[in-house]
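Enquirer: Sharing a structure, written as C-alpha cells. Questions coming.
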Amino acid sequence: VSEAGPDYAAAATALAAAERIVVVTHENPDGDALGSLIGALRGLRAAGKAVEALVADAPVPREYRWLTGDDTRVTTTFAAPYTLLAVDCGSGARVACPESVRAGATCTVNVDHHHDNTRFGDVNVVDAGAACATIMVAEVLGRLGVEIEATIGLALYVGLVTDTGRFQYSNTDARALRFAADLAARGVQPHEVFVRVYEAVPAARVRLLGLALGRLELRLAGRIALTSVTREDLASTGADEAASDGVIDHLRAIDGVELAALIREPASGPRYKVSLRSQSGAVDVSAIAHAAGGGGHPRAAGFSSDLALQELVAFIEREASAGGI
Ligand SMILES: [Mn+2]
C-alpha cells in the first residue's frame, strides 16, 4: 500500500470505463461477501452499467436469501469482453466463479480489505483498515456519483454488521460506526436487519450448536478451545453446513481462551475445513492458516486439510504454541 492509501480512484476509473460488469465474491459467501456483491450490483446498475452478480459455488446461506433473492446467477450471460469486479476476496484462488467467466474478463478489479490480499487483479484496491468490504464498495460507488439510497444501503449494512460481529469485534472503529450512522440516515433500519439475519434461526441449527458445544475440548491449559462438526451431526440434526457458522463465537467467548478452532467435515471436497479465531490478537491466526495453505485476517482465518483429525489438532496446537500463546 502506497503512502497515499488504497487507490479507490483507480477502481472507480476502471468501472466507469466498463460497459458490462460481472461482480464476484469469495467461496462460502458470508454477510460481507453477499452485502458487497448485492450492494455493488445495485449501485453499479444505478450508475447505468449492465451488471450481473455471481454466486457460483454454493447455495446462499438462508439468513441472507432475503437479500440476494433471485439477483444472483451461477454464471454470466454477458458476451466477452466485460470487467470482473471481485469483492471481499483475499486471493484469486478464493474467487468463486467459473473459469470461463474469468477467461472472458478483460480487466479484473479487486476491492478487498484482507491484509494478506495477493493483489490478483489488474486494479487492486486493498484497504486493510476497512472493517468490511461494503465500506469499500460505498467508497467506490461514491466516486462514481451513485447516490446510496436505502436498498443499496441495506446490502452494505449487512456486510458491516456481520463483519464487525454486530459492532463488537476489534475492527469496530469510528469509521465503521460513522458508516452505520450514515446508512441509518439513508433509510436503513438496523433492527430490521438484526431480525432477518440473527432472529430467524432454524431449530436444527440450535441442535447442531448443542452437539458441537457438547464435545468442546480445551488445550494448552485452556488457551485453545476446539470442537468439530461432523457429517453425522448434520445428518442427525438436519442442519446444513452453513449452520455451524456461529459455533466458533461460543468457543472464543470462553474465559481464558486465546485461540478458538472449529473443525468441520464438509459434504464434499477436502476432509476438513478449519476456522480459527484469536481472542486478543496475541496469535496471528492468518499465519497458522497460511502454513496450511489457507488465509484470512490476523484474528479470523481458515484453511482446508486432508490430515487425520488427531494430526490436525496436533498441527493447530503446535502452530499456536509456535505463534506464542
Ligand atoms: Mn469481509
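Just so we're on the same page: first chain in the C-alpha cells is A, next is B, and so on; residues restart at 1 for each chain, and ligands are numbered from 1 in the order they show up.
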Name all residues at most 9 Å from Ala56 (chain A) (count only C-alpha atoms; drop same-chain ones fewer than 6 positions away) and give them as an MDAnalysis selection string.
Expert: chainID A and resid 24 27 72:75 96:98
Enquirer: Counting only C-alpha atoms and all ligand atoms, what are the residues of chain A within 7 Å of ligand 1, and for each of them which pair of atoms is the nearest and at what distance in Å, to one decimal? Sort the table by chain and rising number, as a Markdown table.
Expert:
```
| residue | atom | partner | partner_atom_place_in_ligand_line | distance |
| --- | --- | --- | --- | --- |
| A:Asp32 | CA | ligand 1 | 1 (Mn) | 4.8 |
| A:Ala33 | CA | ligand 1 | 1 (Mn) | 6.1 |
| A:Asp88 | CA | ligand 1 | 1 (Mn) | 5.1 |
| A:His113 | CA | ligand 1 | 1 (Mn) | 6.6 |
| A:Cys132 | CA | ligand 1 | 1 (Mn) | 4.7 |
| A:Ala133 | CA | ligand 1 | 1 (Mn) | 5.1 |
| A:Asp163 | CA | ligand 1 | 1 (Mn) | 5.8 |
```
Enquirer: Which of these, A:Pro270, A:Gly222, A:Val95, A:Arg205, has the shortest distance to Asn28 (chain A) once you count only C-alpha atoms?
Expert: A:Val95
Enquirer: Using only C-alpha atoms, which protein or nucleic acid residues come within 9 Å of Leu226 (chain A)? Drop anything in the same chain fewer than 5 positions from it, and give the result as an mmCIF file with N, CA, C and O atoms, in the first residue's frame.
Expert:
```cif
data_model
loop_
_atom_site.group_PDB
_atom_site.id
_atom_site.type_symbol
_atom_site.label_atom_id
_atom_site.label_comp_id
_atom_site.auth_asym_id
_atom_site.auth_seq_id
_atom_site.Cartn_x
_atom_site.Cartn_y
_atom_site.Cartn_z
ATOM 1 N N ARG A 215 -19.012 -31.402 22.719
ATOM 2 C CA ARG A 215 -17.710 -32.075 22.615
ATOM 3 C C ARG A 215 -16.552 -31.071 22.588
ATOM 4 O O ARG A 215 -15.482 -31.339 22.057
ATOM 5 N N LEU A 216 -16.774 -29.965 23.234
ATOM 6 C CA LEU A 216 -15.742 -28.946 23.410
ATOM 7 C C LEU A 216 -14.499 -29.523 24.069
ATOM 8 O O LEU A 216 -14.596 -30.301 25.025
ATOM 9 N N GLU A 217 -13.330 -29.169 23.541
ATOM 10 C CA GLU A 217 -12.054 -29.588 24.146
ATOM 11 C C GLU A 217 -11.216 -28.358 24.425
ATOM 12 O O GLU A 217 -11.141 -27.449 23.589
ATOM 13 N N LEU A 218 -10.571 -28.346 25.588
ATOM 14 C CA LEU A 218 -9.640 -27.264 25.910
ATOM 15 C C LEU A 218 -8.226 -27.832 25.897
ATOM 16 O O LEU A 218 -8.003 -28.965 26.345
ATOM 17 N N ARG A 219 -7.303 -27.058 25.357
ATOM 18 C CA ARG A 219 -5.892 -27.479 25.293
ATOM 19 C C ARG A 219 -4.998 -26.319 25.703
ATOM 20 O O ARG A 219 -5.466 -25.193 25.813
ATOM 21 N N ILE A 248 -18.153 -21.074 16.472
ATOM 22 C CA ILE A 248 -16.824 -20.655 16.923
ATOM 23 C C ILE A 248 -16.878 -19.454 17.868
ATOM 24 O O ILE A 248 -16.015 -19.296 18.735
ATOM 25 N N LEU A 251 -16.863 -20.573 21.364
ATOM 26 C CA LEU A 251 -15.565 -21.066 21.835
ATOM 27 C C LEU A 251 -14.675 -19.898 22.249
ATOM 28 O O LEU A 251 -14.038 -19.922 23.302
ATOM 29 N N LEU A 259 -7.246 -18.878 21.498
ATOM 30 C CA LEU A 259 -7.450 -19.365 20.132
ATOM 31 C C LEU A 259 -8.654 -20.310 20.100
ATOM 32 O O LEU A 259 -8.695 -21.272 20.874
ATOM 33 N N ALA A 260 -9.588 -20.015 19.216
ATOM 34 C CA ALA A 260 -10.742 -20.896 19.025
ATOM 35 C C ALA A 260 -10.613 -21.561 17.667
ATOM 36 O O ALA A 260 -10.244 -20.909 16.681
ATOM 37 N N ALA A 261 -10.896 -22.851 17.621
ATOM 38 C CA ALA A 261 -10.798 -23.590 16.359
ATOM 39 C C ALA A 261 -12.032 -24.457 16.172
ATOM 40 O O ALA A 261 -12.437 -25.192 17.077
ATOM 41 N N LEU A 262 -12.642 -24.338 15.002
ATOM 42 C CA LEU A 262 -13.773 -25.188 14.640
ATOM 43 C C LEU A 262 -13.371 -26.036 13.440
ATOM 44 O O LEU A 262 -12.949 -25.502 12.413
ATOM 45 N N ILE A 263 -13.482 -27.341 13.610
ATOM 46 C CA ILE A 263 -13.101 -28.281 12.555
ATOM 47 C C ILE A 263 -14.379 -28.876 11.970
ATOM 48 O O ILE A 263 -15.151 -29.527 12.669
ATOM 49 N N VAL A 313 -5.451 -31.622 14.872
ATOM 50 C CA VAL A 313 -5.479 -30.985 16.193
ATOM 51 C C VAL A 313 -4.051 -30.719 16.671
ATOM 52 O O VAL A 313 -3.738 -29.643 17.195
#
```
Enquirer: I want to know what sits within 8 Å of Ala53 (chain A), based on only C-alpha atoms, with residues of the same chain fewer than 2 positions away left out; could you give that as a list in words?
Expert: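 Answer for this query is Val22, Val23, Val24, Leu37, Ile38, Leu41, Val51, Val55, Asp71, Thr72 and Arg73 of chain A.
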Enquirer: For a quick check of understanding, using only C-alpha atoms, which of A:Ala239, A:Asn171, A:Ser268, A:Gly165 has the smallest distance to Gly281 (chain A)?
Expert: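 Nearest to Gly281 (chain A): A:Asn171.
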